[in-house]
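Novice: Structure provided below as structure tokens; questions to follow.
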Amino acid sequence: MTACITTLGLRLSCQPKGKLRPEHIEKAFVQLPARAQLLLKPRYISVDPYMRTRMQPEGYDYIERWNAGSPLSGWTLAEVIASNIPAFKPGDLVVGHLPMQEIIASDGKGLAVIPAGSDPTAFLHPLGMTGFTAWVGMQLIGQPTEQDTVLVSAAAGAVGSIAAQLAKRLGAKVIVTAGRADKRDWLRHKGFQTVLDHRHADYAEQLHNAAPSGITLNFENVGGRAFTAAIEAMKANGRIVLCGLVSQYQSEQPRQSPHNFAQLGQKRVSVHPFVVPHYLDYWDDFQKFMAPLVARGDINWRLDTISGGLDSIGLALIGLLRGDNLGKRVVEIP
Ligand SMILES: NC(=O)c1ccc[n+]([C@@H]2O[C@H](COP(=O)([O-])OP(=O)(O)OC[C@H]3O[C@@H](n4cnc5c(N)ncnc54)[C@H](OP(=O)(O)O)[C@@H]3O)[C@@H](O)[C@H]2O)c1
């Protein structure tokens with residue numbers, strides 16, 4: 001492929017202070033390489049809370065920081081439109097981490113072709129990065145048993161919904177939380193009996209009533225007041241799998257620990273923070289575990305699909321960081 005192509009992509013206009021606003025994300029022309037090995041057309045782009053952490057001035061060592069002018073990228077389901085690589089044929093659907101552009105040039109590295117007979121959209125969620133995160137955090141690190149009382153916050157969201165099901169499958173007693181009534185109804189409908197509201201002023205009391213003898217495993221997704229309440233509710237010798245702290249990502253000081261953190265030492269609670277880029281060697285094990293469950297319909301999952309293409313990414317992410325989504329939020333690219 002030798003033609004010179006210009007396409008449109010998204011970039012950060014400036015690093016937000018406080019809440020992300022639509023003007024922080026802008027469209028810009030992007031010149032594709034003259035000799036691209038693969039050309040792709042995105043079909044769905046995932047929007048995820050960590051995108052806001054990439055905009056924080058402090059940055060993280062495991063992922064490149066987004067500064068003013070940085071091109072945006074995300075987990076994407078794309079169609080191959082032209083290929084010089086034998087492993088990829090026009091019409092194939094692929095997933096991988098890709099720049100947010102109308103047309104994408106790629107060398108194929110890090111891309112997986114969707115296997116024939118699978119639902120491609122499952123690779124945006126239970127078989128994609130959010131399913132992988134849930135599996136790493138719950139199955140690999142948390143390893144709950146029938147003896148555990150597990151708390152999963154934001155369980156109507158992407159990672160939480162899968163993590164909660166994995167804990168249930170392992171026989172644990174599972175307490176789930178969600179910040180909106182329809183989300184809690186959805187969780188009850190999916191078979192969770194103890195469903196709490198982590199945004200409610202009396203959440204700590206709800207938690208105590210639901211687990212009077214304490215939480216033995218907390219899968220933390222929310223942070224802030226919800227995490228403070230979970231620490232309060234931890235049983236001695238319990239463990240915390242620290243997956244994320246989404247409620248803090250837009251705050252001016254996003255890395256403050258809860259005021260009662262010292263309780264963890266007193267109660268001998270162990271804390272296991274993790275980020276999935278450190279676990280990519282387990283990707284094949286995850287697929288072997290999760291693909292049959294998804295194929296049999298044994299995992300409940302739901303996409304929260306926003307239409308409107310690249311123009312909708314900013315608002316979709318802003319809404320996600322408010323909690324608008326039920327299920328895995330993705331943006332459909334026409
Ligand atoms: N460790 C890793 O490698 C890794 C990878 C992926 C994700 N994560 C983390 O996992 C967590 C969930 O991510 P996800 O992709 O599955 O997103 P998600 O749960 O689908 O969406 C985020 C949810 O967080 C809750 N939320 C958002 N803003 C909030 C606020 N200000 N206060 C309280 N709750 C808020 C909302 O649920 P409610 O309406 O129920 O409050 C919202 O639906 C995040 O903390 C994320 O950073 C970690």
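Each chain in the structure tokens gets a letter, A, B, ..., in the order shown, and its residues are numbered from 1; ligands are numbered from 1 in order too.
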Once you count only C-alpha atoms and all ligand atoms, which residues end up within 7 Å of ligand 1, and could you hand them over as an MDAnalysis selection string?

Specialist: chainID A and resid 48:50 129:130 133 154:160 177:180 183 198:199 221:222 243:248 274:277 320:329

Novice: Next, the residues of the selection above should be written as a tab-separated table (two decimals), in the first residue's frame with N, CA and C atoms.

Specialist:
```tsv
chain	number	residue	atom	x	y	z
A	48	ASP	N	-12.64	3.99	28.82
A	48	ASP	CA	-12.29	3.38	30.10
A	48	ASP	C	-11.78	4.43	31.09
A	49	PRO	N	-12.05	4.18	32.38
A	49	PRO	CA	-11.62	5.15	33.40
A	49	PRO	C	-10.13	5.47	33.36
A	50	TYR	N	-9.28	4.47	33.04
A	50	TYR	CA	-7.83	4.73	33.08
A	50	TYR	C	-7.42	5.84	32.11
A	129	MET	N	-10.18	-6.51	27.47
A	129	MET	CA	-9.36	-6.02	28.59
A	129	MET	C	-10.12	-5.97	29.91
A	130	THR	N	-11.43	-5.68	29.86
A	130	THR	CA	-12.15	-5.59	31.14
A	130	THR	C	-12.37	-6.99	31.73
A	133	THR	N	-9.07	-7.99	33.15
A	133	THR	CA	-8.80	-7.32	34.43
A	133	THR	C	-9.53	-8.04	35.56
A	154	ALA	N	-18.91	-1.10	42.33
A	154	ALA	CA	-19.23	-0.75	40.92
A	154	ALA	C	-19.46	-2.02	40.11
A	155	ALA	N	-20.30	-2.91	40.65
A	155	ALA	CA	-20.47	-4.24	40.05
A	155	ALA	C	-21.44	-4.25	38.87
A	156	ALA	N	-22.07	-3.12	38.56
A	156	ALA	CA	-22.85	-3.04	37.32
A	156	ALA	C	-22.00	-2.46	36.20
A	157	GLY	N	-20.76	-2.16	36.50
A	157	GLY	CA	-19.83	-1.69	35.48
A	157	GLY	C	-19.10	-2.86	34.84
A	158	ALA	N	-18.13	-2.54	34.03
A	158	ALA	CA	-17.50	-3.57	33.20
A	158	ALA	C	-16.69	-4.58	34.02
A	159	VAL	N	-15.64	-4.11	34.68
A	159	VAL	CA	-14.78	-5.03	35.43
A	159	VAL	C	-15.55	-5.65	36.59
A	160	GLY	N	-16.28	-4.81	37.32
A	160	GLY	CA	-16.97	-5.29	38.51
A	160	GLY	C	-17.98	-6.38	38.20
A	177	THR	N	-22.07	-3.73	44.81
A	177	THR	CA	-22.57	-2.37	44.98
A	177	THR	C	-22.75	-1.69	43.62
A	178	ALA	N	-23.67	-0.75	43.59
A	178	ALA	CA	-23.84	0.10	42.40
A	178	ALA	C	-24.48	1.41	42.85
A	179	GLY	N	-24.18	2.47	42.12
A	179	GLY	CA	-24.57	3.81	42.57
A	179	GLY	C	-25.89	4.30	42.01
A	180	ARG	N	-26.67	3.43	41.35
A	180	ARG	CA	-27.96	3.88	40.80
A	180	ARG	C	-28.97	2.75	40.90
A	183	LYS	N	-29.21	0.12	38.16
A	183	LYS	CA	-28.04	-0.77	38.14
A	183	LYS	C	-28.21	-1.85	39.23
A	198	HIS	N	-23.03	2.15	46.99
A	198	HIS	CA	-21.79	2.71	47.53
A	198	HIS	C	-21.79	4.24	47.53
A	199	ARG	N	-22.81	4.86	46.89
A	199	ARG	CA	-22.87	6.33	46.88
A	199	ARG	C	-23.75	6.88	48.00
A	221	ASN	N	-12.97	-1.07	43.30
A	221	ASN	CA	-13.03	-0.39	42.00
A	221	ASN	C	-13.25	1.11	42.12
A	222	VAL	N	-13.74	1.57	43.29
A	222	VAL	CA	-14.30	2.93	43.37
A	222	VAL	C	-13.39	3.91	44.10
A	243	CYS	N	-8.08	-2.80	42.47
A	243	CYS	CA	-8.19	-2.76	41.01
A	243	CYS	C	-8.20	-1.33	40.50
A	244	GLY	N	-8.98	-0.46	41.15
A	244	GLY	CA	-9.05	0.92	40.69
A	244	GLY	C	-9.73	1.81	41.70
A	245	LEU	N	-9.64	3.13	41.47
A	245	LEU	CA	-10.14	4.13	42.40
A	245	LEU	C	-10.86	5.21	41.61
A	246	VAL	N	-11.81	4.77	40.77
A	246	VAL	CA	-12.36	5.67	39.75
A	246	VAL	C	-12.91	6.98	40.31
A	247	SER	N	-13.45	6.96	41.53
A	247	SER	CA	-14.05	8.19	42.06
A	247	SER	C	-13.00	9.28	42.29
A	248	GLN	N	-11.72	8.90	42.29
A	248	GLN	CA	-10.65	9.86	42.58
A	248	GLN	C	-9.98	10.43	41.33
A	274	PHE	N	-2.85	-3.99	41.50
A	274	PHE	CA	-2.35	-4.58	40.25
A	274	PHE	C	-2.79	-3.72	39.07
A	275	VAL	N	-2.00	-3.80	37.99
A	275	VAL	CA	-2.43	-3.20	36.72
A	275	VAL	C	-2.20	-4.26	35.63
A	276	VAL	N	-3.16	-4.41	34.75
A	276	VAL	CA	-3.11	-5.54	33.80
A	276	VAL	C	-1.92	-5.53	32.84
A	277	PRO	N	-1.34	-4.37	32.48
A	277	PRO	CA	-0.18	-4.47	31.59
A	277	PRO	C	0.95	-5.34	32.17
A	320	LEU	N	-18.97	8.26	31.52
A	320	LEU	CA	-18.46	7.08	32.25
A	320	LEU	C	-17.89	7.50	33.60
A	321	LEU	N	-17.19	8.62	33.61
A	321	LEU	CA	-16.55	9.09	34.85
A	321	LEU	C	-17.57	9.68	35.83
A	322	ARG	N	-18.82	9.87	35.35
A	322	ARG	CA	-19.93	10.28	36.24
A	322	ARG	C	-20.69	9.05	36.71
A	323	GLY	N	-20.54	7.94	35.97
A	323	GLY	CA	-21.28	6.73	36.31
A	323	GLY	C	-22.50	6.50	35.45
A	324	ASP	N	-22.58	7.11	34.28
A	324	ASP	CA	-23.78	6.96	33.43
A	324	ASP	C	-23.96	5.54	32.90
A	325	ASN	N	-22.89	4.80	32.77
A	325	ASN	CA	-22.95	3.51	32.07
A	325	ASN	C	-23.54	2.39	32.94
A	326	LEU	N	-24.23	1.46	32.25
A	326	LEU	CA	-24.60	0.18	32.87
A	326	LEU	C	-23.99	-0.89	31.95
A	327	GLY	N	-22.96	-1.54	32.43
A	327	GLY	CA	-22.20	-2.46	31.56
A	327	GLY	C	-20.99	-1.76	30.99
A	328	LYS	N	-20.41	-2.39	29.98
A	328	LYS	CA	-19.15	-1.89	29.40
A	328	LYS	C	-19.43	-0.81	28.37
A	329	ARG	N	-18.94	0.38	28.63
A	329	ARG	CA	-19.19	1.49	27.69
A	329	ARG	C	-18.25	1.43	26.49
```

Novice: As a VMD selection string, please: all residues of range 53-146 of chain A that backbone DSSP puts in strand (DSSP E).

Specialist: chain A and resid 73 to 83 93 to 99 104 to 106 112 to 113

Novice: Store the residues of this selection in a file with all heavy atoms, as a short mmCIF file (atom, residue, chain, number, x, y, z; two decimals), in the first residue's frame.

Specialist:
```cif
data_model
loop_
_atom_site.label_atom_id
_atom_site.label_comp_id
_atom_site.auth_asym_id
_atom_site.auth_seq_id
_atom_site.Cartn_x
_atom_site.Cartn_y
_atom_site.Cartn_z
N SER A 73 -5.72 6.90 22.28
CA SER A 73 -5.78 5.51 21.80
C SER A 73 -6.64 4.72 22.77
O SER A 73 -6.90 5.18 23.89
CB SER A 73 -4.37 4.91 21.74
OG SER A 73 -3.75 5.02 23.01
N GLY A 74 -7.07 3.54 22.34
CA GLY A 74 -7.89 2.73 23.22
C GLY A 74 -8.09 1.33 22.65
O GLY A 74 -7.72 1.06 21.49
N TRP A 75 -8.68 0.47 23.46
CA TRP A 75 -8.98 -0.90 23.04
C TRP A 75 -10.06 -0.83 21.94
O TRP A 75 -11.10 -0.22 22.13
CB TRP A 75 -9.47 -1.70 24.24
CG TRP A 75 -9.67 -3.16 23.99
CD1 TRP A 75 -10.87 -3.80 23.90
CD2 TRP A 75 -8.66 -4.14 23.84
NE1 TRP A 75 -10.65 -5.14 23.69
CE2 TRP A 75 -9.32 -5.39 23.64
CE3 TRP A 75 -7.27 -4.13 23.84
CZ2 TRP A 75 -8.63 -6.58 23.46
CZ3 TRP A 75 -6.58 -5.31 23.64
CH2 TRP A 75 -7.25 -6.51 23.46
N THR A 76 -9.78 -1.43 20.80
CA THR A 76 -10.61 -1.19 19.61
C THR A 76 -10.91 -2.49 18.89
O THR A 76 -10.04 -3.36 18.75
CB THR A 76 -9.83 -0.25 18.64
OG1 THR A 76 -9.55 0.97 19.33
CG2 THR A 76 -10.63 0.07 17.39
N LEU A 77 -12.16 -2.60 18.43
CA LEU A 77 -12.53 -3.67 17.50
C LEU A 77 -12.55 -3.04 16.11
O LEU A 77 -13.27 -2.06 15.89
CB LEU A 77 -13.92 -4.21 17.86
CG LEU A 77 -14.54 -5.23 16.91
CD1 LEU A 77 -13.73 -6.52 16.86
CD2 LEU A 77 -15.97 -5.56 17.36
N ALA A 78 -11.72 -3.57 15.21
CA ALA A 78 -11.55 -2.92 13.90
C ALA A 78 -11.64 -3.95 12.79
O ALA A 78 -11.45 -5.15 13.01
CB ALA A 78 -10.19 -2.22 13.86
N GLU A 79 -11.95 -3.44 11.60
CA GLU A 79 -12.01 -4.31 10.42
C GLU A 79 -10.80 -4.05 9.54
O GLU A 79 -10.42 -2.89 9.31
CB GLU A 79 -13.30 -4.01 9.64
CG GLU A 79 -13.48 -4.91 8.45
CD GLU A 79 -14.78 -4.60 7.70
OE1 GLU A 79 -15.71 -4.00 8.28
OE2 GLU A 79 -14.84 -4.96 6.51
N VAL A 80 -10.20 -5.11 9.04
CA VAL A 80 -9.07 -4.97 8.13
C VAL A 80 -9.62 -4.53 6.77
O VAL A 80 -10.50 -5.18 6.21
CB VAL A 80 -8.30 -6.31 7.98
CG1 VAL A 80 -7.19 -6.19 6.94
CG2 VAL A 80 -7.76 -6.76 9.33
N ILE A 81 -9.11 -3.39 6.27
CA ILE A 81 -9.58 -2.96 4.93
C ILE A 81 -8.51 -3.17 3.86
O ILE A 81 -8.82 -3.23 2.68
CB ILE A 81 -10.12 -1.50 4.94
CG1 ILE A 81 -9.12 -0.54 5.57
CG2 ILE A 81 -11.46 -1.43 5.65
CD1 ILE A 81 -9.60 0.92 5.52
N ALA A 82 -7.25 -3.29 4.25
CA ALA A 82 -6.19 -3.63 3.30
C ALA A 82 -5.05 -4.24 4.09
O ALA A 82 -4.79 -3.85 5.23
CB ALA A 82 -5.72 -2.38 2.56
N SER A 83 -4.38 -5.23 3.48
CA SER A 83 -3.33 -5.93 4.24
C SER A 83 -2.19 -6.41 3.34
O SER A 83 -2.44 -6.96 2.27
CB SER A 83 -3.95 -7.14 4.95
OG SER A 83 -2.95 -7.94 5.52
N LEU A 93 -11.94 -9.22 11.36
CA LEU A 93 -12.11 -8.32 12.50
C LEU A 93 -10.98 -8.60 13.49
O LEU A 93 -10.64 -9.77 13.74
CB LEU A 93 -13.46 -8.54 13.17
CG LEU A 93 -14.67 -8.08 12.35
CD1 LEU A 93 -15.97 -8.49 13.02
CD2 LEU A 93 -14.64 -6.57 12.13
N VAL A 94 -10.40 -7.54 14.00
CA VAL A 94 -9.27 -7.68 14.93
C VAL A 94 -9.55 -6.84 16.17
O VAL A 94 -10.33 -5.88 16.13
CB VAL A 94 -7.95 -7.21 14.28
CG1 VAL A 94 -7.59 -8.08 13.09
CG2 VAL A 94 -7.99 -5.73 13.87
N VAL A 95 -8.88 -7.20 17.28
CA VAL A 95 -8.91 -6.33 18.47
C VAL A 95 -7.49 -6.03 18.91
O VAL A 95 -6.57 -6.84 18.72
CB VAL A 95 -9.63 -6.95 19.70
CG1 VAL A 95 -11.11 -6.78 19.64
CG2 VAL A 95 -9.21 -8.38 19.95
N GLY A 96 -7.35 -4.88 19.52
CA GLY A 96 -6.05 -4.48 20.06
C GLY A 96 -6.11 -3.03 20.49
O GLY A 96 -7.13 -2.36 20.34
N HIS A 97 -4.99 -2.57 21.04
CA HIS A 97 -4.91 -1.18 21.48
C HIS A 97 -4.46 -0.33 20.29
O HIS A 97 -3.37 -0.53 19.77
CB HIS A 97 -3.91 -1.06 22.63
CG HIS A 97 -4.04 0.23 23.35
ND1 HIS A 97 -4.77 0.36 24.52
CD2 HIS A 97 -3.59 1.46 23.06
CE1 HIS A 97 -4.75 1.62 24.91
NE2 HIS A 97 -4.03 2.31 24.04
N LEU A 98 -5.31 0.59 19.86
CA LEU A 98 -5.07 1.31 18.59
C LEU A 98 -5.36 2.80 18.76
O LEU A 98 -6.14 3.20 19.63
CB LEU A 98 -6.00 0.73 17.50
CG LEU A 98 -5.67 -0.70 17.04
CD1 LEU A 98 -6.82 -1.29 16.24
CD2 LEU A 98 -4.38 -0.71 16.21
N PRO A 99 -4.75 3.62 17.89
CA PRO A 99 -5.06 5.05 17.94
C PRO A 99 -6.51 5.32 17.57
O PRO A 99 -7.09 4.59 16.77
CB PRO A 99 -4.10 5.67 16.91
CG PRO A 99 -3.56 4.54 16.11
CD PRO A 99 -3.74 3.28 16.89
N ILE A 104 -6.79 3.56 10.46
CA ILE A 104 -5.62 3.28 11.29
C ILE A 104 -4.61 2.48 10.47
O ILE A 104 -4.97 1.50 9.82
CB ILE A 104 -6.02 2.45 12.54
CG1 ILE A 104 -7.11 3.17 13.33
CG2 ILE A 104 -4.81 2.15 13.41
CD1 ILE A 104 -7.95 2.24 14.18
N ALA A 105 -3.34 2.91 10.52
CA ALA A 105 -2.27 2.10 9.93
C ALA A 105 -1.64 1.29 11.05
O ALA A 105 -1.47 1.79 12.17
CB ALA A 105 -1.23 3.02 9.29
N SER A 106 -1.30 0.03 10.77
CA SER A 106 -0.75 -0.84 11.82
C SER A 106 0.26 -1.79 11.20
O SER A 106 0.19 -2.10 10.00
CB SER A 106 -1.89 -1.63 12.47
OG SER A 106 -1.41 -2.69 13.24
N ALA A 112 -5.13 -9.21 17.61
CA ALA A 112 -5.63 -10.59 17.55
C ALA A 112 -6.81 -10.63 16.58
O ALA A 112 -7.70 -9.77 16.65
CB ALA A 112 -6.07 -11.04 18.93
N VAL A 113 -6.80 -11.62 15.68
CA VAL A 113 -7.93 -11.80 14.77
C VAL A 113 -9.04 -12.50 15.55
O VAL A 113 -8.80 -13.47 16.27
CB VAL A 113 -7.52 -12.65 13.54
CG1 VAL A 113 -8.72 -12.88 12.63
CG2 VAL A 113 -6.40 -11.97 12.77
#
```

Novice: Would you mind telling me which residue in A:Ala236, A:Ile63, A:Met100, A:Cys14 lies nearest to Ser46 in chain A when using only C-alpha atoms?

Specialist: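 Looking only at the distances to Ser46 in chain A, the closest residue turns out to be A:Met100.
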
Novice: Residues within 12 Å of Asn300 in chain A, please, as a PDB file with N, CA, C and O atoms, in the first residue's frame. Count only C-alpha atoms; anything in the same chain fewer than 3 positions from it doesn't count.

Specialist:
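part.pdb written:
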```pdb
ATOM      1  N   ALA A 122     -17.906  -9.592  22.030  1.00  0.00           N
ATOM      2  CA  ALA A 122     -17.457 -10.149  23.314  1.00  0.00           C
ATOM      3  C   ALA A 122     -15.999  -9.777  23.583  1.00  0.00           C
ATOM      4  O   ALA A 122     -15.566  -9.714  24.741  1.00  0.00           O
ATOM      5  N   HIS A 125     -15.352  -6.837  25.809  1.00  0.00           N
ATOM      6  CA  HIS A 125     -15.686  -6.875  27.240  1.00  0.00           C
ATOM      7  C   HIS A 125     -15.274  -8.195  27.907  1.00  0.00           C
ATOM      8  O   HIS A 125     -14.145  -8.287  28.366  1.00  0.00           O
ATOM      9  N   PRO A 126     -16.118  -9.253  27.914  1.00  0.00           N
ATOM     10  CA  PRO A 126     -15.691 -10.396  28.744  1.00  0.00           C
ATOM     11  C   PRO A 126     -14.427 -11.060  28.220  1.00  0.00           C
ATOM     12  O   PRO A 126     -13.639 -11.601  28.996  1.00  0.00           O
ATOM     13  N   GLY A 131     -12.664  -7.971  30.855  1.00  0.00           N
ATOM     14  CA  GLY A 131     -12.764  -9.353  31.336  1.00  0.00           C
ATOM     15  C   GLY A 131     -11.426  -9.821  31.881  1.00  0.00           C
ATOM     16  O   GLY A 131     -11.353 -10.486  32.928  1.00  0.00           O
ATOM     17  N   ALA A 155     -20.301  -2.911  40.652  1.00  0.00           N
ATOM     18  CA  ALA A 155     -20.469  -4.238  40.049  1.00  0.00           C
ATOM     19  C   ALA A 155     -21.436  -4.250  38.866  1.00  0.00           C
ATOM     20  O   ALA A 155     -21.625  -5.285  38.236  1.00  0.00           O
ATOM     21  N   ALA A 156     -22.068  -3.116  38.563  1.00  0.00           N
ATOM     22  CA  ALA A 156     -22.852  -3.042  37.320  1.00  0.00           C
ATOM     23  C   ALA A 156     -22.002  -2.460  36.197  1.00  0.00           C
ATOM     24  O   ALA A 156     -22.480  -2.280  35.076  1.00  0.00           O
ATOM     25  N   GLY A 157     -20.762  -2.160  36.501  1.00  0.00           N
ATOM     26  CA  GLY A 157     -19.833  -1.692  35.478  1.00  0.00           C
ATOM     27  C   GLY A 157     -19.102  -2.862  34.842  1.00  0.00           C
ATOM     28  O   GLY A 157     -19.409  -4.032  35.114  1.00  0.00           O
ATOM     29  N   ALA A 158     -18.129  -2.544  34.026  1.00  0.00           N
ATOM     30  CA  ALA A 158     -17.495  -3.566  33.198  1.00  0.00           C
ATOM     31  C   ALA A 158     -16.689  -4.575  34.021  1.00  0.00           C
ATOM     32  O   ALA A 158     -17.029  -5.761  34.086  1.00  0.00           O
ATOM     33  N   VAL A 159     -15.644  -4.114  34.676  1.00  0.00           N
ATOM     34  CA  VAL A 159     -14.778  -5.034  35.432  1.00  0.00           C
ATOM     35  C   VAL A 159     -15.554  -5.649  36.588  1.00  0.00           C
ATOM     36  O   VAL A 159     -15.510  -6.870  36.813  1.00  0.00           O
ATOM     37  N   GLY A 160     -16.275  -4.808  37.323  1.00  0.00           N
ATOM     38  CA  GLY A 160     -16.970  -5.289  38.511  1.00  0.00           C
ATOM     39  C   GLY A 160     -17.978  -6.379  38.199  1.00  0.00           C
ATOM     40  O   GLY A 160     -18.100  -7.358  38.951  1.00  0.00           O
ATOM     41  N   SER A 161     -18.706  -6.249  37.081  1.00  0.00           N
ATOM     42  CA  SER A 161     -19.751  -7.238  36.785  1.00  0.00           C
ATOM     43  C   SER A 161     -19.136  -8.614  36.535  1.00  0.00           C
ATOM     44  O   SER A 161     -19.691  -9.633  36.941  1.00  0.00           O
ATOM     45  N   ILE A 162     -17.984  -8.641  35.893  1.00  0.00           N
ATOM     46  CA  ILE A 162     -17.347  -9.940  35.623  1.00  0.00           C
ATOM     47  C   ILE A 162     -16.665 -10.457  36.898  1.00  0.00           C
ATOM     48  O   ILE A 162     -16.769 -11.643  37.235  1.00  0.00           O
ATOM     49  N   ALA A 163     -15.989  -9.555  37.617  1.00  0.00           N
ATOM     50  CA  ALA A 163     -15.292  -9.983  38.845  1.00  0.00           C
ATOM     51  C   ALA A 163     -16.278 -10.591  39.833  1.00  0.00           C
ATOM     52  O   ALA A 163     -15.998 -11.625  40.463  1.00  0.00           O
ATOM     53  N   ALA A 164     -17.450  -9.974  39.973  1.00  0.00           N
ATOM     54  CA  ALA A 164     -18.448 -10.472  40.926  1.00  0.00           C
ATOM     55  C   ALA A 164     -18.918 -11.875  40.525  1.00  0.00           C
ATOM     56  O   ALA A 164     -19.079 -12.762  41.371  1.00  0.00           O
ATOM     57  N   GLN A 165     -19.109 -12.087  39.233  1.00  0.00           N
ATOM     58  CA  GLN A 165     -19.555 -13.421  38.776  1.00  0.00           C
ATOM     59  C   GLN A 165     -18.476 -14.474  39.005  1.00  0.00           C
ATOM     60  O   GLN A 165     -18.770 -15.622  39.341  1.00  0.00           O
ATOM     61  N   LEU A 166     -17.213 -14.084  38.823  1.00  0.00           N
ATOM     62  CA  LEU A 166     -16.131 -15.054  39.040  1.00  0.00           C
ATOM     63  C   LEU A 166     -16.075 -15.464  40.514  1.00  0.00           C
ATOM     64  O   LEU A 166     -15.908 -16.647  40.836  1.00  0.00           O
ATOM     65  N   TRP A 186     -30.611  -4.393  38.031  1.00  0.00           N
ATOM     66  CA  TRP A 186     -29.965  -5.280  37.060  1.00  0.00           C
ATOM     67  C   TRP A 186     -29.149  -6.359  37.787  1.00  0.00           C
ATOM     68  O   TRP A 186     -29.223  -7.549  37.444  1.00  0.00           O
ATOM     69  N   LEU A 187     -28.428  -5.933  38.811  1.00  0.00           N
ATOM     70  CA  LEU A 187     -27.612  -6.899  39.561  1.00  0.00           C
ATOM     71  C   LEU A 187     -28.498  -7.940  40.258  1.00  0.00           C
ATOM     72  O   LEU A 187     -28.190  -9.143  40.247  1.00  0.00           O
ATOM     73  N   HIS A 189     -31.434  -8.860  39.268  1.00  0.00           N
ATOM     74  CA  HIS A 189     -31.972  -9.684  38.178  1.00  0.00           C
ATOM     75  C   HIS A 189     -30.959 -10.727  37.733  1.00  0.00           C
ATOM     76  O   HIS A 189     -31.312 -11.819  37.293  1.00  0.00           O
ATOM     77  N   LYS A 190     -29.670 -10.415  37.867  1.00  0.00           N
ATOM     78  CA  LYS A 190     -28.614 -11.356  37.466  1.00  0.00           C
ATOM     79  C   LYS A 190     -28.234 -12.295  38.611  1.00  0.00           C
ATOM     80  O   LYS A 190     -27.231 -13.014  38.537  1.00  0.00           O
ATOM     81  N   GLY A 191     -28.984 -12.253  39.696  1.00  0.00           N
ATOM     82  CA  GLY A 191     -28.820 -13.292  40.720  1.00  0.00           C
ATOM     83  C   GLY A 191     -28.037 -12.881  41.953  1.00  0.00           C
ATOM     84  O   GLY A 191     -27.754 -13.722  42.805  1.00  0.00           O
ATOM     85  N   PHE A 192     -27.686 -11.601  42.079  1.00  0.00           N
ATOM     86  CA  PHE A 192     -26.982 -11.177  43.303  1.00  0.00           C
ATOM     87  C   PHE A 192     -28.018 -10.767  44.339  1.00  0.00           C
ATOM     88  O   PHE A 192     -28.911  -9.967  44.064  1.00  0.00           O
ATOM     89  N   MET A 290     -11.914 -18.150  29.837  1.00  0.00           N
ATOM     90  CA  MET A 290     -13.133 -17.345  29.677  1.00  0.00           C
ATOM     91  C   MET A 290     -13.913 -17.669  28.400  1.00  0.00           C
ATOM     92  O   MET A 290     -15.150 -17.597  28.398  1.00  0.00           O
ATOM     93  N   LEU A 293     -16.719 -20.180  28.773  1.00  0.00           N
ATOM     94  CA  LEU A 293     -17.813 -19.655  29.611  1.00  0.00           C
ATOM     95  C   LEU A 293     -18.688 -18.703  28.797  1.00  0.00           C
ATOM     96  O   LEU A 293     -19.921 -18.747  28.872  1.00  0.00           O
ATOM     97  N   VAL A 294     -18.033 -17.864  28.005  1.00  0.00           N
ATOM     98  CA  VAL A 294     -18.787 -16.896  27.196  1.00  0.00           C
ATOM     99  C   VAL A 294     -19.567 -17.632  26.109  1.00  0.00           C
ATOM    100  O   VAL A 294     -20.746 -17.356  25.866  1.00  0.00           O
ATOM    101  N   ALA A 295     -18.925 -18.614  25.482  1.00  0.00           N
ATOM    102  CA  ALA A 295     -19.592 -19.366  24.402  1.00  0.00           C
ATOM    103  C   ALA A 295     -20.835 -20.086  24.925  1.00  0.00           C
ATOM    104  O   ALA A 295     -21.848 -20.191  24.235  1.00  0.00           O
ATOM    105  N   ARG A 296     -20.762 -20.578  26.171  1.00  0.00           N
ATOM    106  CA  ARG A 296     -21.914 -21.310  26.751  1.00  0.00           C
ATOM    107  C   ARG A 296     -22.972 -20.364  27.328  1.00  0.00           C
ATOM    108  O   ARG A 296     -23.998 -20.820  27.806  1.00  0.00           O
ATOM    109  N   GLY A 297     -22.674 -19.066  27.333  1.00  0.00           N
ATOM    110  CA  GLY A 297     -23.623 -18.110  27.927  1.00  0.00           C
ATOM    111  C   GLY A 297     -23.594 -18.164  29.447  1.00  0.00           C
ATOM    112  O   GLY A 297     -24.571 -17.786  30.101  1.00  0.00           O
ATOM    113  N   LEU A 303     -23.079  -4.600  26.876  1.00  0.00           N
ATOM    114  CA  LEU A 303     -22.391  -3.414  26.366  1.00  0.00           C
ATOM    115  C   LEU A 303     -23.299  -2.210  26.561  1.00  0.00           C
ATOM    116  O   LEU A 303     -24.517  -2.310  26.418  1.00  0.00           O
ATOM    117  N   GLY A 327     -22.963  -1.540  32.426  1.00  0.00           N
ATOM    118  CA  GLY A 327     -22.205  -2.460  31.560  1.00  0.00           C
ATOM    119  C   GLY A 327     -20.989  -1.759  30.986  1.00  0.00           C
ATOM    120  O   GLY A 327     -20.618  -0.675  31.428  1.00  0.00           O
ATOM    121  N   LYS A 328     -20.413  -2.395  29.977  1.00  0.00           N
ATOM    122  CA  LYS A 328     -19.152  -1.887  29.398  1.00  0.00           C
ATOM    123  C   LYS A 328     -19.426  -0.806  28.368  1.00  0.00           C
ATOM    124  O   LYS A 328     -20.075  -1.063  27.358  1.00  0.00           O
TER     125      LYS A 328
END
```

Novice: What's the 8 Å shell around Ala68 in chain A, counting only C-alpha atoms, without same-chain residues fewer than 3 positions away, as a ChimeraX atom specification?

Specialist: /A:11-15

Novice: Can I get the selected residues back with C-alpha atoms, as a PDB file, in the first residue's frame?

Specialist:
```
ATOM      1  CA  ARG A  11      -5.905  14.153  20.573  1.00  0.00           C
ATOM      2  CA  LEU A  12      -5.824  15.826  23.965  1.00  0.00           C
ATOM      3  CA  SER A  13      -6.004  19.600  23.536  1.00  0.00           C
ATOM      4  CA  CYS A  14      -4.733  20.249  27.073  1.00  0.00           C
ATOM      5  CA  GLN A  15      -4.497  18.343  30.347  1.00  0.00           C
TER       6      GLN A  15
END
```
